[in-house]
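Enquirer: Below is the file structure_30.cif, with mmCIF, C-alpha atoms and all ligand atoms.
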data_input
#
loop_
_atom_site.label_atom_id
_atom_site.label_comp_id
_atom_site.auth_asym_id
_atom_site.auth_seq_id
_atom_site.Cartn_x
_atom_site.Cartn_y
_atom_site.Cartn_z
CA MET A 1 18.23 -9.97 -13.56
CA SER A 2 14.73 -9.51 -12.19
CA ILE A 3 12.91 -7.85 -9.35
CA LEU A 4 10.56 -10.08 -7.37
CA ILE A 5 7.27 -8.40 -6.50
CA THR A 6 5.46 -10.15 -3.64
CA GLY A 7 1.74 -9.35 -3.42
CA GLY A 8 1.97 -8.04 -6.98
CA ALA A 9 -1.67 -8.84 -7.78
CA GLY A 10 -2.93 -6.53 -5.02
CA TYR A 11 -3.99 -2.89 -5.20
CA ILE A 12 -0.63 -1.15 -4.86
CA GLY A 13 1.32 -4.12 -6.26
CA SER A 14 -0.57 -4.18 -9.56
CA HIS A 15 -0.01 -0.45 -10.11
CA THR A 16 3.67 -0.89 -9.31
CA CYS A 17 3.93 -3.79 -11.77
CA VAL A 18 2.60 -1.46 -14.49
CA GLU A 19 5.15 1.25 -13.66
CA MET A 20 7.99 -1.28 -13.48
CA LEU A 21 7.09 -2.82 -16.85
CA ASN A 22 6.63 0.59 -18.47
CA ALA A 23 10.10 1.51 -17.21
CA GLY A 24 11.49 -1.57 -18.96
CA LYS A 25 12.26 -3.54 -15.77
CA GLU A 26 12.14 -7.33 -15.66
CA ILE A 27 9.77 -8.52 -12.98
CA VAL A 28 8.71 -11.81 -11.42
CA VAL A 29 5.44 -11.67 -9.49
CA MET A 30 4.23 -13.89 -6.66
CA ASP A 31 0.90 -13.83 -4.84
CA ASN A 32 -1.40 -16.33 -3.16
CA PHE A 33 -4.53 -14.43 -4.30
CA TYR A 34 -5.75 -14.25 -0.71
CA ASN A 35 -6.94 -10.69 -1.34
CA SER A 36 -6.65 -10.34 -5.11
CA LYS A 37 -7.54 -11.95 -8.41
CA PRO A 38 -5.63 -13.31 -11.42
CA GLU A 39 -7.61 -10.88 -13.58
CA ALA A 40 -5.59 -7.99 -12.11
CA LEU A 41 -2.40 -9.49 -13.53
CA ARG A 42 -4.03 -10.22 -16.87
CA ARG A 43 -4.93 -6.54 -17.07
CA VAL A 44 -1.41 -5.47 -16.10
CA LYS A 45 -0.19 -7.45 -19.13
CA GLU A 46 -2.92 -5.97 -21.33
CA LEU A 47 -2.12 -2.40 -20.22
CA THR A 48 1.62 -2.68 -20.72
CA GLY A 49 1.74 -5.14 -23.61
CA LYS A 50 4.43 -6.98 -21.63
CA ASP A 51 4.65 -10.43 -20.15
CA PHE A 52 6.23 -11.62 -16.91
CA LYS A 53 6.57 -14.77 -14.87
CA PHE A 54 4.01 -15.38 -12.15
CA TYR A 55 4.11 -17.81 -9.23
CA GLU A 56 1.02 -18.61 -7.19
CA CYS A 57 2.86 -19.02 -3.94
CA ASP A 58 2.46 -18.25 -0.24
CA LEU A 59 5.07 -16.23 1.65
CA LEU A 60 5.11 -18.94 4.29
CA ASP A 61 5.99 -21.63 1.74
CA THR A 62 9.78 -21.81 1.98
CA GLU A 63 10.08 -24.44 -0.78
CA GLY A 64 7.94 -22.33 -3.10
CA LEU A 65 10.13 -19.28 -2.47
CA ILE A 66 13.30 -21.30 -3.01
CA ARG A 67 11.92 -22.42 -6.35
CA ILE A 68 11.32 -18.80 -7.41
CA PHE A 69 14.88 -17.84 -6.49
CA LYS A 70 16.31 -20.96 -8.17
CA GLU A 71 14.44 -20.42 -11.41
CA ASN A 72 15.16 -16.69 -11.68
CA LYS A 73 18.04 -14.33 -11.04
CA ILE A 74 16.40 -12.10 -8.43
CA GLU A 75 18.46 -9.02 -7.58
CA GLY A 76 15.92 -7.30 -5.35
CA VAL A 77 12.46 -7.66 -3.85
CA ILE A 78 9.55 -5.24 -3.58
CA HIS A 79 7.62 -6.75 -0.70
CA PHE A 80 3.91 -5.89 -0.69
CA ALA A 81 2.44 -9.23 0.40
CA GLY A 82 0.64 -8.92 3.70
CA LEU A 83 -2.75 -8.75 5.34
CA LYS A 84 -4.02 -5.22 5.91
CA ALA A 85 -7.50 -5.16 7.44
CA VAL A 86 -7.14 -3.28 10.72
CA GLY A 87 -10.42 -4.47 12.29
CA GLU A 88 -9.84 -8.09 11.32
CA SER A 89 -6.35 -7.95 12.82
CA VAL A 90 -7.91 -7.25 16.21
CA GLN A 91 -10.13 -10.35 15.87
CA VAL A 92 -7.45 -12.73 14.58
CA PRO A 93 -4.08 -11.33 15.69
CA LEU A 94 -2.20 -14.62 15.32
CA LYS A 95 -3.18 -14.84 11.68
CA TYR A 96 -1.76 -11.34 11.12
CA TYR A 97 1.43 -11.91 13.08
CA ASN A 98 1.99 -15.22 11.32
CA ASN A 99 1.26 -14.04 7.81
CA ASN A 100 2.98 -10.66 7.95
CA ILE A 101 5.86 -11.30 10.33
CA THR A 102 6.63 -14.99 9.85
CA GLY A 103 6.02 -14.46 6.12
CA THR A 104 8.59 -11.66 5.98
CA ILE A 105 11.11 -13.64 8.02
CA THR A 106 10.66 -16.62 5.68
CA LEU A 107 11.21 -14.37 2.68
CA CYS A 108 14.31 -12.77 4.22
CA GLN A 109 15.79 -16.18 5.02
CA VAL A 110 15.42 -17.33 1.44
CA MET A 111 16.75 -14.01 0.13
CA GLU A 112 19.80 -14.36 2.38
CA ASP A 113 20.42 -17.92 1.21
CA PHE A 114 20.47 -16.68 -2.37
CA GLY A 115 22.64 -13.63 -1.60
CA CYS A 116 19.82 -11.21 -2.45
CA LYS A 117 19.83 -8.47 0.18
CA LYS A 118 17.89 -5.61 -1.39
CA MET A 119 14.32 -4.98 -0.28
CA VAL A 120 11.70 -2.28 -0.64
CA PHE A 121 9.20 -2.86 2.16
CA SER A 122 5.59 -1.64 2.37
CA SER A 123 5.36 0.03 5.72
CA SER A 124 2.74 2.52 6.79
CA ALA A 125 2.30 5.94 8.37
CA THR A 126 0.42 3.99 11.01
CA VAL A 127 3.82 3.37 12.71
CA TYR A 128 3.78 7.02 13.86
CA GLY A 129 0.60 6.48 15.88
CA ASN A 130 -0.82 9.83 16.96
CA ALA A 131 2.15 11.99 15.95
CA ALA A 132 2.77 14.98 18.20
CA VAL A 133 4.18 17.22 15.46
CA LEU A 134 2.75 17.66 11.96
CA PRO A 135 3.81 17.32 9.25
CA VAL A 136 5.50 14.16 10.47
CA THR A 137 9.11 13.45 9.52
CA GLU A 138 10.89 10.10 9.51
CA GLU A 139 12.73 11.19 12.67
CA ALA A 140 9.50 11.30 14.67
CA PRO A 141 9.38 8.60 17.32
CA LYS A 142 7.16 5.65 16.59
CA GLY A 143 3.82 6.06 18.29
CA GLU A 144 1.56 3.91 20.37
CA LEU A 145 -0.17 1.49 18.03
CA THR A 146 -3.75 0.47 18.54
CA ASN A 147 -4.00 -2.75 16.55
CA PRO A 148 -2.06 -5.88 15.56
CA TYR A 149 -1.91 -4.86 11.88
CA GLY A 150 -0.04 -1.67 12.76
CA ARG A 151 2.20 -3.56 15.14
CA THR A 152 3.20 -6.02 12.39
CA LYS A 153 4.44 -3.09 10.28
CA SER A 154 6.37 -1.59 13.17
CA MET A 155 7.86 -4.95 14.21
CA ILE A 156 8.89 -5.82 10.65
CA GLU A 157 10.71 -2.47 10.43
CA GLU A 158 12.66 -3.41 13.58
CA ILE A 159 13.40 -6.92 12.29
CA LEU A 160 14.80 -5.48 9.07
CA LYS A 161 16.96 -3.05 11.06
CA ASP A 162 18.31 -5.94 13.15
CA LEU A 163 19.05 -7.86 10.00
CA TYR A 164 21.14 -4.98 8.72
CA ILE A 165 22.98 -4.71 12.06
CA SER A 166 23.91 -8.38 11.74
CA ASP A 167 24.97 -8.04 8.11
CA ASN A 168 25.85 -4.63 6.69
CA SER A 169 25.41 -5.77 3.12
CA TRP A 170 21.59 -5.53 3.35
CA SER A 171 19.88 -2.53 1.83
CA VAL A 172 16.27 -1.85 2.74
CA ALA A 173 13.87 1.02 2.10
CA LEU A 174 11.00 1.19 4.57
CA LEU A 175 8.31 3.05 2.65
CA ARG A 176 5.81 4.58 5.00
CA TYR A 177 2.71 5.08 2.90
CA PHE A 178 0.17 7.67 3.87
CA ASN A 179 -3.34 7.09 2.41
CA PRO A 180 -3.19 5.64 -1.10
CA ILE A 181 -6.37 6.16 -3.13
CA GLY A 182 -7.35 6.40 -6.79
CA ALA A 183 -6.60 4.04 -9.62
CA HIS A 184 -4.74 3.77 -12.91
CA GLU A 185 -6.13 6.39 -15.28
CA SER A 186 -7.06 3.73 -17.83
CA GLY A 187 -9.79 2.55 -15.45
CA ARG A 188 -8.54 -1.03 -15.94
CA ILE A 189 -6.90 -1.64 -12.56
CA GLY A 190 -7.86 -0.36 -9.13
CA GLU A 191 -8.78 -1.28 -5.58
CA ASP A 192 -11.18 -4.22 -5.40
CA PRO A 193 -12.21 -4.83 -1.79
CA ASN A 194 -13.79 -8.22 -1.13
CA ASP A 195 -16.29 -7.04 1.40
CA ILE A 196 -17.76 -3.77 2.63
CA PRO A 197 -14.76 -1.41 2.39
CA ASN A 198 -13.00 -0.31 5.57
CA ASN A 199 -11.17 2.57 3.94
CA ILE A 200 -12.88 5.74 2.95
CA CYS A 201 -12.23 6.07 -0.77
CA PRO A 202 -13.62 2.70 -1.88
CA TYR A 203 -16.54 3.33 0.48
CA ILE A 204 -17.32 6.67 -1.20
CA SER A 205 -16.98 5.00 -4.62
CA GLN A 206 -19.57 2.41 -3.70
CA VAL A 207 -21.94 5.06 -2.36
CA ALA A 208 -21.51 7.05 -5.60
CA ALA A 209 -22.27 3.87 -7.56
CA GLY A 210 -25.40 3.23 -5.50
CA LYS A 211 -24.03 -0.02 -4.05
CA LEU A 212 -23.95 1.42 -0.52
CA GLU A 213 -26.54 3.82 0.74
CA ILE A 214 -24.73 6.38 2.82
CA LEU A 215 -21.21 7.18 3.96
CA PRO A 216 -20.70 7.17 7.73
CA VAL A 217 -18.37 10.04 8.64
CA TYR A 218 -16.55 8.98 11.77
CA GLY A 219 -16.74 12.08 13.92
CA ASN A 220 -16.88 15.85 13.30
CA ASP A 221 -15.60 16.91 16.70
CA TYR A 222 -11.86 16.47 16.10
CA ASP A 223 -9.49 19.35 16.55
CA THR A 224 -9.23 19.96 12.79
CA PRO A 225 -10.48 22.87 10.62
CA ASP A 226 -13.90 21.29 9.94
CA GLY A 227 -13.91 18.75 12.77
CA THR A 228 -13.49 15.67 10.54
CA GLY A 229 -10.33 13.55 10.30
CA VAL A 230 -7.44 14.85 8.21
CA ARG A 231 -5.25 12.52 6.13
CA ASP A 232 -2.60 12.76 3.45
CA TYR A 233 -4.28 11.12 0.44
CA ILE A 234 -1.83 10.06 -2.25
CA HIS A 235 -2.55 8.83 -5.77
CA VAL A 236 -1.67 5.14 -6.05
CA VAL A 237 0.25 5.79 -9.29
CA ASP A 238 2.44 8.40 -7.57
CA LEU A 239 2.97 5.86 -4.80
CA ALA A 240 3.88 3.15 -7.32
CA LYS A 241 6.45 5.45 -8.90
CA GLY A 242 8.01 5.99 -5.49
CA HIS A 243 8.88 2.28 -5.45
CA LEU A 244 10.94 2.63 -8.62
CA LYS A 245 12.89 5.50 -7.11
CA ALA A 246 13.40 3.59 -3.85
CA LEU A 247 14.56 0.55 -5.79
CA ASP A 248 17.15 2.60 -7.72
CA TYR A 249 18.37 3.96 -4.41
CA ILE A 250 18.75 0.66 -2.55
CA MET A 251 20.55 -0.87 -5.52
CA LYS A 252 23.35 1.68 -5.00
CA THR A 253 23.49 1.74 -1.20
CA THR A 254 23.42 -0.34 1.96
CA GLY A 255 21.52 0.37 5.17
CA VAL A 256 17.94 0.59 6.33
CA GLU A 257 16.15 3.85 5.71
CA ALA A 258 12.59 4.99 6.18
CA PHE A 259 10.87 7.29 3.71
CA ASN A 260 7.50 8.97 3.96
CA LEU A 261 5.49 8.61 0.77
CA GLY A 262 2.81 11.26 0.98
CA THR A 263 1.93 14.55 -0.69
CA GLY A 264 2.58 16.70 2.36
CA LYS A 265 -1.00 17.99 2.26
CA GLY A 266 -3.75 17.07 4.68
CA ASN A 267 -7.37 16.91 3.54
CA SER A 268 -10.42 16.39 5.71
CA VAL A 269 -13.13 13.80 5.14
CA LEU A 270 -15.50 16.59 4.05
CA GLU A 271 -12.93 17.91 1.57
CA LEU A 272 -12.50 14.43 0.14
CA ILE A 273 -16.26 14.06 -0.23
CA ALA A 274 -16.46 17.43 -2.02
CA ALA A 275 -13.65 16.48 -4.41
CA TYR A 276 -15.31 13.16 -5.15
CA GLU A 277 -18.68 14.81 -5.77
CA LYS A 278 -17.02 17.09 -8.31
CA ALA A 279 -15.35 14.13 -10.00
CA CYS A 280 -18.46 11.99 -10.31
CA GLY A 281 -21.04 14.73 -10.73
CA LYS A 282 -23.26 13.32 -7.97
CA LYS A 283 -24.04 14.14 -4.37
CA ILE A 284 -22.51 11.70 -1.89
CA PRO A 285 -25.01 11.21 0.92
CA TYR A 286 -23.27 11.04 4.29
CA LYS A 287 -24.11 11.14 7.95
CA ILE A 288 -21.95 12.09 10.88
CA VAL A 289 -21.62 9.19 13.30
CA GLY A 290 -19.40 8.57 16.33
CA ARG A 291 -15.63 8.39 16.14
CA ARG A 292 -14.12 5.09 15.00
CA PRO A 293 -12.06 3.49 17.77
CA GLY A 294 -8.33 3.84 17.12
CA ASP A 295 -8.69 6.80 14.72
CA ILE A 296 -6.56 9.88 15.14
CA ALA A 297 -7.53 13.47 14.34
CA ALA A 298 -4.89 14.27 11.77
CA ILE A 299 -1.74 13.04 10.10
CA TYR A 300 0.14 14.18 7.03
CA ALA A 301 3.65 13.71 5.79
CA ASP A 302 6.73 15.77 5.51
CA PRO A 303 7.84 14.13 2.24
CA SER A 304 11.03 16.18 1.83
CA LYS A 305 13.40 13.28 2.58
CA ALA A 306 11.96 11.25 -0.31
CA GLU A 307 12.37 14.29 -2.56
CA GLN A 308 15.95 14.99 -1.51
CA VAL A 309 17.25 11.42 -1.29
CA LEU A 310 15.12 9.53 -3.82
CA GLY A 311 14.25 12.37 -6.20
CA TRP A 312 10.56 11.55 -5.81
CA THR A 313 7.55 13.79 -5.26
CA ALA A 314 3.84 13.15 -5.56
CA GLU A 315 2.41 15.00 -8.54
CA LEU A 316 -1.26 14.14 -8.84
CA SER A 317 -4.01 16.21 -7.22
CA LEU A 318 -6.90 15.16 -4.98
CA GLU A 319 -9.25 15.88 -7.91
CA LYS A 320 -7.29 13.50 -10.15
CA MET A 321 -7.32 10.83 -7.42
CA CYS A 322 -11.12 11.08 -7.23
CA GLU A 323 -11.61 11.17 -11.02
CA ASP A 324 -9.51 8.03 -11.44
CA ALA A 325 -11.19 6.27 -8.51
CA TRP A 326 -14.57 7.03 -10.06
CA ARG A 327 -13.52 5.88 -13.54
CA TRP A 328 -12.37 2.56 -12.06
CA GLN A 329 -15.60 2.19 -10.04
CA SER A 330 -17.96 3.11 -12.86
CA ASN A 331 -16.20 0.98 -15.48
CA ASN A 332 -15.95 -2.00 -13.11
CA PRO A 333 -19.01 -1.96 -10.85
CA ASN A 334 -18.08 -5.39 -9.53
CA GLY A 335 -14.34 -4.88 -9.51
CA TYR A 336 -12.40 -7.55 -11.40
CA ASP A 337 -15.54 -9.68 -11.65
CA SER A 338 -17.13 -7.05 -13.92
P1 LIG B 401 -3.69 -5.80 -1.09
O1 LIG B 401 -4.37 -6.68 -0.11
O2 LIG B 401 -4.47 -5.31 -2.25
O3 LIG B 401 -2.37 -6.51 -1.64
C1 LIG B 401 -1.62 -7.41 -0.86
C2 LIG B 401 -1.39 -8.65 -1.70
O4 LIG B 401 -0.62 -9.58 -0.95
C3 LIG B 401 -2.70 -9.34 -2.10
O5 LIG B 401 -2.71 -9.58 -3.48
C4 LIG B 401 -2.67 -10.64 -1.30
O6 LIG B 401 -3.33 -11.69 -1.98
C5 LIG B 401 -1.18 -10.86 -1.14
N1 LIG B 401 -0.80 -11.67 0.03
C6 LIG B 401 -1.18 -11.50 1.32
N2 LIG B 401 -0.63 -12.45 2.09
C7 LIG B 401 0.12 -13.23 1.27
C8 LIG B 401 0.93 -14.37 1.49
N3 LIG B 401 1.07 -14.93 2.68
N4 LIG B 401 1.56 -14.92 0.43
C9 LIG B 401 1.43 -14.38 -0.81
N5 LIG B 401 0.67 -13.30 -1.07
C10 LIG B 401 0.03 -12.73 -0.04
O7 LIG B 401 -3.09 -4.57 -0.28
P2 LIG B 401 -2.43 -3.23 -0.81
O8 LIG B 401 -3.35 -2.12 -0.45
O9 LIG B 401 -1.97 -3.38 -2.19
O10 LIG B 401 -1.19 -3.14 0.18
C11 LIG B 401 0.08 -3.64 -0.16
C12 LIG B 401 0.99 -3.53 1.05
O11 LIG B 401 1.04 -2.16 1.47
C13 LIG B 401 0.52 -4.33 2.27
O12 LIG B 401 1.65 -4.85 2.92
C14 LIG B 401 -0.17 -3.26 3.12
O13 LIG B 401 -0.17 -3.61 4.48
C15 LIG B 401 0.71 -2.06 2.85
N6 LIG B 401 0.02 -0.78 3.07
C16 LIG B 401 -1.17 -0.54 2.43
C17 LIG B 401 -1.84 0.66 2.66
C18 LIG B 401 -3.16 0.97 1.97
O14 LIG B 401 -3.83 1.92 2.36
N7 LIG B 401 -3.57 0.22 0.95
C19 LIG B 401 -1.30 1.61 3.54
C20 LIG B 401 -0.09 1.33 4.16
C21 LIG B 401 0.57 0.12 3.92
C1 LIG B 402 -6.47 3.04 8.02
C2 LIG B 402 -5.82 2.28 9.14
C3 LIG B 402 -4.32 2.26 8.92
C4 LIG B 402 -3.99 1.67 7.58
C5 LIG B 402 -4.72 2.46 6.49
C6 LIG B 402 -4.55 1.84 5.15
C7 LIG B 402 -7.29 2.52 11.07
C8 LIG B 402 -7.44 3.12 12.42
N1 LIG B 402 -6.17 2.87 10.41
O1 LIG B 402 -5.98 4.37 8.02
O2 LIG B 402 -3.71 1.49 9.93
O3 LIG B 402 -2.59 1.73 7.32
O4 LIG B 402 -6.13 2.47 6.79
O5 LIG B 402 -5.12 0.57 5.09
O6 LIG B 402 -8.12 1.77 10.60
N2 LIG B 402 -13.57 7.49 7.49
C9 LIG B 402 -14.91 7.84 7.54
N3 LIG B 402 -15.82 6.94 7.09
C10 LIG B 402 -15.48 5.71 6.60
C11 LIG B 402 -14.10 5.36 6.57
C12 LIG B 402 -13.18 6.29 7.03
O7 LIG B 402 -15.26 8.93 7.96
O8 LIG B 402 -16.38 4.94 6.22
C13 LIG B 402 -12.56 8.50 7.91
C14 LIG B 402 -11.65 8.04 9.04
O9 LIG B 402 -12.19 8.37 10.28
C15 LIG B 402 -10.36 8.82 8.70
C16 LIG B 402 -10.38 8.93 7.16
O10 LIG B 402 -11.73 8.72 6.80
O11 LIG B 402 -10.42 10.12 9.22
C17 LIG B 402 -9.49 7.89 6.47
O12 LIG B 402 -9.87 6.58 6.92
P1 LIG B 402 -9.26 5.26 6.26
O13 LIG B 402 -9.42 5.32 4.78
O14 LIG B 402 -9.87 4.09 6.94
O15 LIG B 402 -7.71 5.36 6.56
P2 LIG B 402 -6.95 5.56 7.97
O16 LIG B 402 -7.88 5.46 9.11
O17 LIG B 402 -6.14 6.79 7.86
#
For the file at hand, write its structure as C-alpha cells.

Expert:
Amino acid sequence: MSILITGGAGYIGSHTCVEMLNAGKEIVVMDNFYNSKPEALRRVKELTGKDFKFYECDLLDTEGLIRIFKENKIEGVIHFAGLKAVGESVQVPLKYYNNNITGTITLCQVMEDFGCKKMVFSSSATVYGNAAVLPVTEEAPKGELTNPYGRTKSMIEEILKDLYISDNSWSVALLRYFNPIGAHESGRIGEDPNDIPNNICPYISQVAAGKLEILPVYGNDYDTPDGTGVRDYIHVVDLAKGHLKALDYIMKTTGVEAFNLGTGKGNSVLELIAAYEKACGKKIPYKIVGRRPGDIAAIYADPSKAEQVLGWTAELSLEKMCEDAWRWQSNNPNGYDS
C-alpha cells in the first residue's frame, strides 16, 4: 500500500517525501513540473537512499490519474499540487480556479472511483483573512479573502466538507500552513523560486547572496511592536513532519478537520531580518516602502489542536530556519540548476 503525493517535487512536497521515506513509508509521487524540477526528486532519492515511483502527470489529466491508481495500491493522498503565486492569481484567476479547484475535483473523483477516501490537503492560514483574535484557532470564522489564490484554498476546503457530508467514509485533514521557510539541513533541497521571489524568506536569501540588491520592507506603520508585519514562520521540515502525523490520524478516523500548522509565535519582518543576518554573518540591506496591497498586520497560530489531536508540535527555532535557508541558498546559488 502506498501514499500518493501530488506536487511532490515542489518545496513542501519534496521535504515531505524525505520525511515519509525516512519513516519507512511507501510513496508514489506525481507532478507536472510546472513549478519544480526533476532534480529535486533525484536529490530526495540521494538524501534518503530510497527509490519510489514517479509519474509526470497533470492533476487535470483524468486518464493519467486513473493509470496511477490502477498501477498502484493507493491508500491515501497527500495533496500539495497547486498554483500558489498570489499576485499572478489576480492576473489570471481562471488559470488558478481551473488548476487548483478543477484539479482537486478531478483527483477526488478518481480517488472515489478507486475507493480511496483519505486525503491530507494543503490549505493555508490565508483562509482566516484578517483574523480578529490572535492567536487564531481553527474555530475562527473564515475571513474576507483578497485574491483568487486564497479563495481557491477556502473553496476547496468547502468542497471537501461537502464531499464528506455526501459520503461519511471520507477522511480529510485540512492543514492550514502558516509561513513555511527554511530548508532541509543537508542543504540539498529547498525553495527554488522561478522568478523574483514573492515571499520574504527567499527574497532575503537572494539579497544575502548578492543576487538582489535590497529587500523592500512592506510598511512599518502597522499596529505591531515594531510597525512591520508579524507572521508565524515555521520550518519546512517541522511542517513536513506534521503531514505524517495528519496522515496517521486520517487513516484511523473519518470526517473533515482543520489543523493549524504553525509555531504559535509571531515574528516581525525586522526580527526575521535580524535572525537571518545572524545566520549568514552579513548585513541585509533593506528599505521601508509602502504597504503591499492585501497584506495584513499580524497573524500567528494557536497550534494546540494539532498538538492535542495529532501529537505534533513545531520544534525548530527561527535561527535554525534562517541557518538552513542560508545553507540551501549558499550551496545552490541557482537553485536546482546549480
Ligand atoms: P510548489 O509550487 O513548490 O509545489 C507545488 C507543486 O505542485 C509543484 O511542484 C508544481 O509543479 C505542482 N503542480 C502544480 N499544479 C499542478 C498540476 N496541475 N498537476 C501536477 N502538479 C502540479 O509550492 P509549495 O510551496 O510546495 O506548496 C505546496 C502546497 O501548499 C500548495 O498547494 C500551496 O498552495 C500550499 N501552501 C503553500 C504555502 C507556502 O508558503 N509555500 C503556504 C500555504 C499553503
Ligand atoms: C503570502 C500570501 C499568502 C500565501 C503565503 C504563502 C499575500 C498577501 N499573502 O503570505 O496568501 O499563503 O504568502 O505563499 O501575498 N514582506 C516584505 N518584503 C518582501 C516580502 C514580504 O516586507 O519582499 C513582508 C510582508 O509584508 C509580510 C511578511 O513579509 O508582512 C511575509 O510575507 P510573505 O512571505 O509574502 O507571506 P504572507 O504575506 O504572509

Enquirer: One number please: atom O12 of ligand LIG 401 (chain B) to CA of Lys142 in chain A, in Å, one decimal.

Expert: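 A separation of 18.1 Å between them.
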
Enquirer: Contacts of Lys278 in chain A at 8 Å or less, counting only C-alpha atoms, minus same-chain residues fewer than 4 places along, as a PDB file with C-alpha atoms, in the coordinates of the input?

Expert:
ATOM      1  CA  ALA A 274     -16.460  17.430  -2.020  1.00  0.00           C
ATOM      2  CA  LYS A 282     -23.260  13.320  -7.970  1.00  0.00           C
ATOM      3  CA  GLU A 319      -9.250  15.880  -7.910  1.00  0.00           C
TER       4      GLU A 319
END

Enquirer: Using all atoms listed in the file for the distances, tell me which of A:Glu271, A:Glu46, A:Asp337, A:Glu157 is nearest to ligand LIG 402 (chain B).

Expert: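 Between A:Glu271, A:Glu46, A:Asp337, A:Glu157, the residue approaching ligand LIG 402 (chain B) most closely is A:Glu271.
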
Enquirer: Residues within 7 Å of ligand LIG 402 (chain B), counting only C-alpha atoms and all ligand atoms: report them as a ChimeraX atom specification.

Expert: /A:84-87,124-126,149-150,179,198-201,203,215-219,228-231,269,291-292,294-295,297

Enquirer: Which residue is closest to ligand LIG 401 (chain B)? Choose from A:Thr146, A:Ser14, A:Thr253, A:Asn130 and count all atoms listed in the file.

Expert: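 Closest candidate: A:Ser14.
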
Enquirer: Select from chain A every residue with an atom at most 6 Å from any atom of ligand LIG 401 (chain B), then for each give the shortest pair of atoms and their distance in Å to one decimal, using all atoms listed in the file, rows by chain and rising number, as JSON lines.

Expert:
{"residue": "A:Gly7", "atom": "CA", "partner": "B:LIG401", "partner_atom": "O4", "distance": 3.4}
{"residue": "A:Ala9", "atom": "CA", "partner": "B:LIG401", "partner_atom": "O5", "distance": 4.5}
{"residue": "A:Gly10", "atom": "CA", "partner": "B:LIG401", "partner_atom": "O2", "distance": 3.4}
{"residue": "A:Tyr11", "atom": "CA", "partner": "B:LIG401", "partner_atom": "O9", "distance": 3.7}
{"residue": "A:Ile12", "atom": "CA", "partner": "B:LIG401", "partner_atom": "O9", "distance": 3.7}
{"residue": "A:Gly13", "atom": "CA", "partner": "B:LIG401", "partner_atom": "O9", "distance": 5.3}
{"residue": "A:Asp31", "atom": "CA", "partner": "B:LIG401", "partner_atom": "N5", "distance": 3.8}
{"residue": "A:Asn32", "atom": "CA", "partner": "B:LIG401", "partner_atom": "C9", "distance": 4.2}
{"residue": "A:Phe33", "atom": "CA", "partner": "B:LIG401", "partner_atom": "O6", "distance": 3.8}
{"residue": "A:Tyr34", "atom": "CA", "partner": "B:LIG401", "partner_atom": "O6", "distance": 3.7}
{"residue": "A:Asn35", "atom": "CA", "partner": "B:LIG401", "partner_atom": "O6", "distance": 3.8}
{"residue": "A:Ser36", "atom": "CA", "partner": "B:LIG401", "partner_atom": "O5", "distance": 4.3}
{"residue": "A:Cys57", "atom": "CA", "partner": "B:LIG401", "partner_atom": "C9", "distance": 5.8}
{"residue": "A:Asp58", "atom": "CA", "partner": "B:LIG401", "partner_atom": "N4", "distance": 3.5}
{"residue": "A:Leu59", "atom": "CA", "partner": "B:LIG401", "partner_atom": "N4", "distance": 3.9}
{"residue": "A:Leu60", "atom": "CA", "partner": "B:LIG401", "partner_atom": "N3", "distance": 5.9}
{"residue": "A:Phe80", "atom": "CA", "partner": "B:LIG401", "partner_atom": "C12", "distance": 4.1}
{"residue": "A:Ala81", "atom": "CA", "partner": "B:LIG401", "partner_atom": "O4", "distance": 3.4}
{"residue": "A:Gly82", "atom": "CA", "partner": "B:LIG401", "partner_atom": "C6", "distance": 4.0}
{"residue": "A:Leu83", "atom": "CA", "partner": "B:LIG401", "partner_atom": "C6", "distance": 5.1}
{"residue": "A:Lys84", "atom": "CA", "partner": "B:LIG401", "partner_atom": "O13", "distance": 4.4}
{"residue": "A:Asn99", "atom": "CA", "partner": "B:LIG401", "partner_atom": "N3", "distance": 5.2}
{"residue": "A:Ser122", "atom": "CA", "partner": "B:LIG401", "partner_atom": "O11", "distance": 4.7}
{"residue": "A:Ser123", "atom": "CA", "partner": "B:LIG401", "partner_atom": "C21", "distance": 5.1}
{"residue": "A:Ser124", "atom": "CA", "partner": "B:LIG401", "partner_atom": "C20", "distance": 4.0}
{"residue": "A:Tyr177", "atom": "CA", "partner": "B:LIG401", "partner_atom": "C20", "distance": 4.8}
{"residue": "A:Asn179", "atom": "CA", "partner": "B:LIG401", "partner_atom": "O14", "distance": 5.2}
{"residue": "A:Pro180", "atom": "CA", "partner": "B:LIG401", "partner_atom": "O14", "distance": 5.1}

Enquirer: From the options A:Gly143, A:Pro225, A:Gly103, A:Pro303, which residue's atoms come nearest to Thr263 in chain A, counting only C-alpha atoms?

Expert: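 For Thr263 in chain A, the nearest of the given residues is A:Pro303.
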
Enquirer: Using all atoms listed in the file, which residues sit within 7 Å of Val237 in chain A once same-chain residues fewer than 3 positions away are excluded, as a PyMOL selection string?

Expert: chain A and resi 15+184+240-241
